[in-house]
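Raw contents of structure32.cif, mmCIF, C-alpha atoms and all ligand atoms:
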data_entry
loop_
_atom_site.label_atom_id
_atom_site.label_comp_id
_atom_site.auth_asym_id
_atom_site.auth_seq_id
_atom_site.Cartn_x
_atom_site.Cartn_y
_atom_site.Cartn_z
CA MET A 1 -58.69 7.63 -31.76
CA GLU A 2 -56.79 8.83 -28.70
CA LEU A 3 -55.82 12.45 -28.09
CA PHE A 4 -52.86 12.92 -25.77
CA ALA A 5 -53.25 16.27 -24.07
CA SER A 6 -52.19 18.44 -21.13
CA PRO A 7 -54.90 20.37 -19.32
CA MET A 8 -55.38 23.89 -20.74
CA ALA A 9 -52.35 23.51 -23.04
CA CYS A 10 -52.46 23.98 -26.82
CA SER A 11 -54.03 20.51 -27.06
CA LEU A 12 -57.26 22.09 -25.76
CA ALA A 13 -57.93 23.24 -29.34
CA SER A 14 -57.88 19.62 -30.54
CA HIS A 15 -60.08 18.53 -27.63
CA ILE A 16 -62.61 21.25 -28.55
CA THR A 17 -62.46 20.19 -32.20
CA ALA A 18 -63.10 16.53 -31.39
CA LEU A 19 -66.18 17.53 -29.40
CA GLU A 20 -67.39 20.00 -32.04
CA ALA A 21 -67.16 17.23 -34.63
CA GLY A 22 -68.75 14.63 -32.34
CA LEU A 23 -65.90 12.21 -33.01
CA PRO A 24 -65.12 9.17 -30.84
CA VAL A 25 -61.86 10.48 -29.41
CA LYS A 26 -60.58 9.38 -26.00
CA VAL A 27 -58.70 12.19 -24.27
CA ARG A 28 -55.67 10.91 -22.35
CA PHE A 29 -53.83 13.35 -20.16
CA VAL A 30 -50.05 13.39 -20.04
CA LYS A 31 -48.03 14.46 -17.01
CA ASP A 32 -44.25 14.55 -16.64
CA LYS A 33 -43.98 12.73 -20.00
CA LYS A 34 -46.04 9.79 -18.76
CA THR A 35 -49.49 8.92 -20.02
CA ASP A 36 -52.42 8.25 -17.71
CA ASP A 37 -51.48 4.54 -17.51
CA GLY A 38 -47.84 5.33 -16.69
CA SER A 39 -46.47 4.63 -20.18
CA ASP A 40 -43.57 6.62 -21.61
CA PHE A 41 -45.10 9.44 -23.67
CA PHE A 42 -41.91 9.75 -25.77
CA ALA A 43 -42.71 6.30 -27.17
CA ILE A 44 -45.92 7.82 -28.62
CA ALA A 45 -44.80 11.35 -29.50
CA GLY A 46 -41.11 11.48 -30.31
CA ASN A 47 -40.68 15.08 -29.14
CA GLY A 48 -42.80 14.61 -26.01
CA TYR A 49 -45.17 17.40 -27.02
CA VAL A 50 -48.93 17.49 -26.93
CA PRO A 51 -51.16 17.34 -28.86
CA ALA A 52 -50.57 13.87 -30.22
CA LEU A 53 -53.39 12.07 -31.96
CA ARG A 54 -53.09 8.29 -32.21
CA LEU A 55 -55.29 6.97 -34.98
CA ASP A 56 -57.07 3.64 -34.81
CA ASN A 57 -54.38 2.11 -37.07
CA GLY A 58 -51.63 3.23 -34.65
CA GLU A 59 -50.33 6.16 -36.73
CA VAL A 60 -49.58 9.30 -34.74
CA LEU A 61 -49.96 12.95 -35.74
CA ASN A 62 -47.99 15.28 -33.50
CA GLU A 63 -48.42 18.91 -34.61
CA GLY A 64 -51.47 20.92 -33.61
CA SER A 65 -52.10 22.12 -37.16
CA SER A 66 -52.24 18.62 -38.61
CA VAL A 67 -54.20 17.19 -35.68
CA LEU A 68 -56.80 19.95 -35.95
CA GLN A 69 -57.20 19.55 -39.70
CA TYR A 70 -57.26 15.76 -39.52
CA LEU A 71 -60.07 15.87 -36.96
CA ALA A 72 -61.99 18.51 -38.93
CA ASP A 73 -61.69 16.47 -42.13
CA ARG A 74 -63.21 13.41 -40.44
CA LYS A 75 -66.52 15.35 -40.20
CA PRO A 76 -66.67 17.81 -43.13
CA GLU A 77 -70.35 18.50 -42.51
CA ALA A 78 -69.41 20.15 -39.19
CA GLY A 79 -67.71 22.92 -41.23
CA LEU A 80 -64.66 23.06 -38.94
CA ALA A 81 -62.31 23.44 -41.92
CA PRO A 82 -63.09 24.70 -45.43
CA ALA A 83 -62.88 22.18 -48.26
CA TRP A 84 -59.45 21.32 -49.68
CA GLY A 85 -58.62 23.24 -52.83
CA THR A 86 -60.55 26.36 -51.87
CA ILE A 87 -58.84 29.64 -51.05
CA GLU A 88 -60.55 29.49 -47.65
CA ARG A 89 -58.60 26.31 -46.85
CA TYR A 90 -55.35 28.16 -47.52
CA ARG A 91 -56.59 31.01 -45.32
CA LEU A 92 -57.16 28.47 -42.57
CA ILE A 93 -53.63 27.06 -42.96
CA ASP A 94 -52.26 30.61 -43.05
CA THR A 95 -54.07 31.40 -39.79
CA LEU A 96 -53.08 28.16 -38.03
CA ASN A 97 -49.44 28.73 -38.94
CA TYR A 98 -49.64 32.32 -37.71
CA LEU A 99 -51.11 31.24 -34.38
CA ALA A 100 -48.67 28.34 -33.95
CA THR A 101 -45.49 30.22 -34.79
CA GLU A 102 -46.00 33.91 -34.05
CA VAL A 103 -48.31 33.66 -31.06
CA HIS A 104 -47.96 30.24 -29.44
CA LYS A 105 -44.21 29.68 -29.80
CA LYS A 106 -42.78 33.18 -30.16
CA LEU A 107 -44.76 34.81 -27.37
CA PHE A 108 -45.81 32.15 -24.93
CA GLN A 109 -42.88 29.75 -25.07
CA PRO A 110 -40.46 32.19 -23.37
CA ILE A 111 -43.13 33.41 -20.97
CA PHE A 112 -44.08 29.90 -19.83
CA THR A 113 -40.54 28.49 -19.74
CA PRO A 114 -39.27 29.02 -16.18
CA ASP A 115 -35.57 29.17 -17.09
CA ALA A 116 -35.92 31.25 -20.29
CA PRO A 117 -33.55 34.26 -20.26
CA ALA A 118 -35.09 37.37 -18.68
CA ASP A 119 -34.55 39.44 -21.84
CA ALA A 120 -36.39 36.85 -23.96
CA LYS A 121 -39.28 36.90 -21.49
CA ALA A 122 -39.36 40.71 -21.53
CA ALA A 123 -39.28 40.82 -25.35
CA ALA A 124 -42.16 38.35 -25.55
CA LYS A 125 -44.22 40.25 -22.97
CA ALA A 126 -43.69 43.48 -24.91
CA GLN A 127 -45.31 41.81 -27.93
CA LEU A 128 -48.51 40.69 -26.17
CA GLU A 129 -50.47 43.91 -26.65
CA PRO A 130 -49.34 44.58 -30.28
CA THR A 131 -50.32 40.97 -31.06
CA LEU A 132 -53.83 41.53 -29.71
CA ASP A 133 -54.02 44.75 -31.78
CA TYR A 134 -53.10 42.73 -34.86
CA ILE A 135 -55.64 40.00 -34.11
CA VAL A 136 -58.32 42.71 -33.83
CA ARG A 137 -57.39 43.81 -37.34
CA ARG A 138 -57.39 40.22 -38.55
CA LEU A 139 -60.88 39.61 -37.14
CA GLY A 140 -62.30 42.85 -38.54
CA LYS A 141 -66.03 42.83 -37.85
CA SER A 142 -66.26 39.04 -37.85
CA SER A 143 -66.73 36.68 -34.91
CA TYR A 144 -64.65 34.09 -36.78
CA LEU A 145 -61.05 34.06 -37.97
CA VAL A 146 -61.75 32.32 -41.28
CA GLY A 147 -65.02 32.64 -43.18
CA GLU A 148 -68.33 32.97 -41.40
CA LYS A 149 -68.28 29.85 -39.24
CA PHE A 150 -66.44 28.52 -36.23
CA THR A 151 -63.39 26.64 -37.49
CA VAL A 152 -60.39 24.93 -35.92
CA ALA A 153 -58.61 28.31 -36.11
CA ASP A 154 -61.15 29.67 -33.64
CA ALA A 155 -60.65 26.65 -31.40
CA TYR A 156 -56.93 27.49 -31.38
CA LEU A 157 -57.43 31.22 -30.82
CA VAL A 158 -59.82 30.63 -27.90
CA THR A 159 -57.11 28.42 -26.36
CA LEU A 160 -54.48 31.12 -26.81
CA LEU A 161 -56.77 33.87 -25.50
CA ASN A 162 -57.10 31.85 -22.28
CA TRP A 163 -53.32 32.19 -21.98
CA PHE A 164 -53.38 35.95 -22.63
CA SER A 165 -55.83 36.23 -19.71
CA PHE A 166 -53.68 33.89 -17.63
CA VAL A 167 -50.60 36.12 -18.03
CA GLY A 168 -52.58 39.20 -17.04
CA CYS A 169 -53.83 40.76 -20.30
CA ASP A 170 -57.29 42.12 -19.56
CA LEU A 171 -59.06 41.26 -22.81
CA LYS A 172 -61.77 43.83 -22.04
CA LYS A 173 -59.25 46.44 -23.26
CA TRP A 174 -59.76 44.94 -26.76
CA PRO A 175 -63.58 44.91 -27.00
CA THR A 176 -63.56 42.93 -30.26
CA ILE A 177 -61.44 40.22 -28.70
CA GLY A 178 -63.21 40.30 -25.34
CA ALA A 179 -66.55 39.78 -27.09
CA TYR A 180 -65.08 37.09 -29.38
CA HIS A 181 -63.64 35.20 -26.41
CA GLN A 182 -66.81 35.39 -24.30
CA LYS A 183 -68.98 34.33 -27.26
CA HIS A 184 -66.92 31.24 -28.01
CA LEU A 185 -66.43 30.27 -24.35
CA GLN A 186 -70.17 29.69 -24.37
CA ARG A 187 -70.07 27.13 -27.15
CA PRO A 188 -71.04 23.77 -25.62
CA ALA A 189 -67.91 22.02 -26.96
CA VAL A 190 -65.62 24.74 -25.62
CA ALA A 191 -67.31 24.75 -22.22
CA GLN A 192 -67.25 20.95 -22.03
CA ALA A 193 -63.59 20.61 -23.01
CA MET A 194 -62.51 23.37 -20.64
CA GLY A 195 -64.64 21.89 -17.84
CA VAL A 196 -62.88 18.54 -18.18
CA GLU A 197 -59.43 20.16 -18.39
CA MET A 198 -59.98 22.49 -15.43
CA GLU A 199 -61.12 19.48 -13.38
CA GLU A 200 -57.90 17.68 -14.28
CA ARG A 201 -55.88 20.74 -13.22
CA LYS A 202 -57.75 20.88 -9.91
CA ARG A 203 -57.21 17.15 -9.39
CA ARG A 204 -53.47 17.64 -9.92
CA ALA A 205 -53.29 20.64 -7.60
CA ALA A 206 -55.15 18.84 -4.77
N1 LIG B 1 -45.15 22.58 -32.64
C1 LIG B 1 -46.06 21.98 -31.72
C2 LIG B 1 -45.84 22.57 -30.35
C3 LIG B 1 -46.65 21.90 -29.29
C4 LIG B 1 -46.31 22.40 -27.91
O1 LIG B 1 -45.55 23.38 -27.72
N2 LIG B 1 -46.89 21.76 -26.93
C5 LIG B 1 -46.61 22.10 -25.55
C6 LIG B 1 -47.91 22.36 -24.78
S1 LIG B 1 -48.76 23.82 -25.32
C7 LIG B 1 -45.91 20.95 -24.88
O2 LIG B 1 -46.25 19.81 -25.07
N3 LIG B 1 -44.90 21.26 -24.08
C8 LIG B 1 -44.21 20.26 -23.33
C9 LIG B 1 -42.78 20.58 -23.18
O3 LIG B 1 -42.36 21.69 -23.55
O4 LIG B 1 -42.07 19.72 -22.68
C10 LIG B 1 -47.51 22.22 -32.15
O5 LIG B 1 -47.78 23.27 -32.77
O6 LIG B 1 -48.35 21.36 -31.90
#

How would this structure read if it were set down as structure tokens?
Amino acid sequence: MELFASPMACSLASHITALEAGLPVKVRFVKDKKTDDGSDFFAIAGNGYVPALRLDNGEVLNEGSSVLQYLADRKPEAGLAPAWGTIERYRLIDTLNYLATEVHKKLFQPIFTPDAPADAKAAAKAQLEPTLDYIVRRLGKSSYLVGEKFTVADAYLVTLLNWFSFVGCDLKKWPTIGAYHQKHLQRPAVAQAMGVEMEERKRRAA
């Protein structure tokens, strides 16, 4: 399988998941809509967005939620997604949709889009702190978003918390979230994936 990704973008969650599951996934970075061998990325992912997961039979999945669950389901014993048919699986889907729509797109899209209207940027920024307050409530006393194990939802939240830090939210102001983030940053798969992606960012900046 090949995972098309951009360094430190939402595709980091899929990269982490592939490593957590120990799956043979080749990470291929995309820049300016070209893959690492210069091919047109739109020919792989119709909307030009990462993550895109190309399966060994050539099929492509191109939404984070489906990529994450597909990877998790290749290695059920890793416990990265609850079993289909259980209420926990629906809680996972509920959480992935929340993160993808309310946090990723609604908040960060306007903030990260250079030519987004100033009022849209301001409205998104005003929602950063209330969103962290809500995530604190969602976590409760747990170190995990769903159940009592690290799942793909945590891989996604760790990725998004990196962005909160990047736009200047000091996560220490939310001790539950600060501790959650620090704990999961130490997971070997998270550290490895972020190490590779930070290296790619440095390589591009050089
Ligand atoms: N709905 C997609 C959104 C993916 C997405 O927004 N990817 C961003 C990176 S975090 C991207 O590829 N942006 C490139 C662009 O906007 O041209 C998902 O949830 O996977």

Take the point (-54.6, 19.4, -25.1) as written in the file and pick out every residue within 12 Å of it, counting only C-alpha atoms; give the list as a PyMOL selection string. chain A and resi 2-18+26-31+49-53+62-64+67-68+155-156+159-160+193-194+196-198+200

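With distances taken over all atoms listed in the file, A:Arg89 is the one residue among A:Arg74, A:Lys202, A:Arg89, A:Lys34 lying closest to A:Thr151.
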
Just give me the gap between atom CA of A:Arg204 and atom CA of A:Gly38 in Å, one decimal is fine.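 Straight-line distance from atom CA of A:Arg204 to atom CA of A:Gly38 works out to 15.1 Å.
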
Could you give me, as JSON lines, every stretch 33-146 of chain A residue with an atom at most 9 Å from stretch 161-177 of chain A, plus its closest atom pair and distance in Å to one decimal, counting only C-alpha atoms, rows ordered by chain then number?
{"residue": "A:Phe108", "atom": "CA", "partner": "A:Trp163", "partner_atom": "CA", "distance": 8.1}
{"residue": "A:Ile111", "atom": "CA", "partner": "A:Val167", "partner_atom": "CA", "distance": 8.5}
{"residue": "A:Leu128", "atom": "CA", "partner": "A:Phe164", "partner_atom": "CA", "distance": 7.7}
{"residue": "A:Glu129", "atom": "CA", "partner": "A:Cys169", "partner_atom": "CA", "distance": 7.8}
{"residue": "A:Leu132", "atom": "CA", "partner": "A:Trp174", "partner_atom": "CA", "distance": 7.4}
{"residue": "A:Asp133", "atom": "CA", "partner": "A:Trp174", "partner_atom": "CA", "distance": 7.6}
{"residue": "A:Ile135", "atom": "CA", "partner": "A:Ile177", "partner_atom": "CA", "distance": 7.9}
{"residue": "A:Val136", "atom": "CA", "partner": "A:Thr176", "partner_atom": "CA", "distance": 6.3}
{"residue": "A:Leu139", "atom": "CA", "partner": "A:Thr176", "partner_atom": "CA", "distance": 8.1}
{"residue": "A:Gly140", "atom": "CA", "partner": "A:Thr176", "partner_atom": "CA", "distance": 8.4}
{"residue": "A:Lys141", "atom": "CA", "partner": "A:Thr176", "partner_atom": "CA", "distance": 8.0}
{"residue": "A:Ser142", "atom": "CA", "partner": "A:Thr176", "partner_atom": "CA", "distance": 8.9}
{"residue": "A:Ser143", "atom": "CA", "partner": "A:Thr176", "partner_atom": "CA", "distance": 8.4}

Write out as a list in words each polymer residue whose atoms come within 12 Å of A:Asp73, counting all atoms listed in the file; drop sequence neighbours fewer than 2 positions from it.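 The residues satisfying every condition are Thr17, Ala18, Ala21, Leu23, Ser66, Val67, Leu68, Gln69, Tyr70, Leu71, Lys75, Pro76, Glu77, Ala78, Gly79, Leu80, Ala81, Pro82, Ala83, Trp84, Arg89, Thr151 and Val152 of chain A.
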
For atom CA of A:Leu107 and atom CA of A:Ala124, quote the distance in Å rounded to one decimal.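 The value is 4.8 Å.
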
Return the single residue from A:Ile44, A:Ile87, A:Ala118, A:Leu96 that is closest to ligand LIG 1 (chain B), with distances computed using only C-alpha atoms and all ligand atoms. A:Leu96

How big is the axis-aligned box around the listed atoms of ligand LIG 1 (chain B) once 4 Å is added on each side, and where is its centre? Give both in Å to one decimal, as JSON.
{"center_x": -45.4, "center_y": 21.8, "center_z": -27.7, "size_x": 14.7, "size_y": 12.1, "size_z": 18.1}
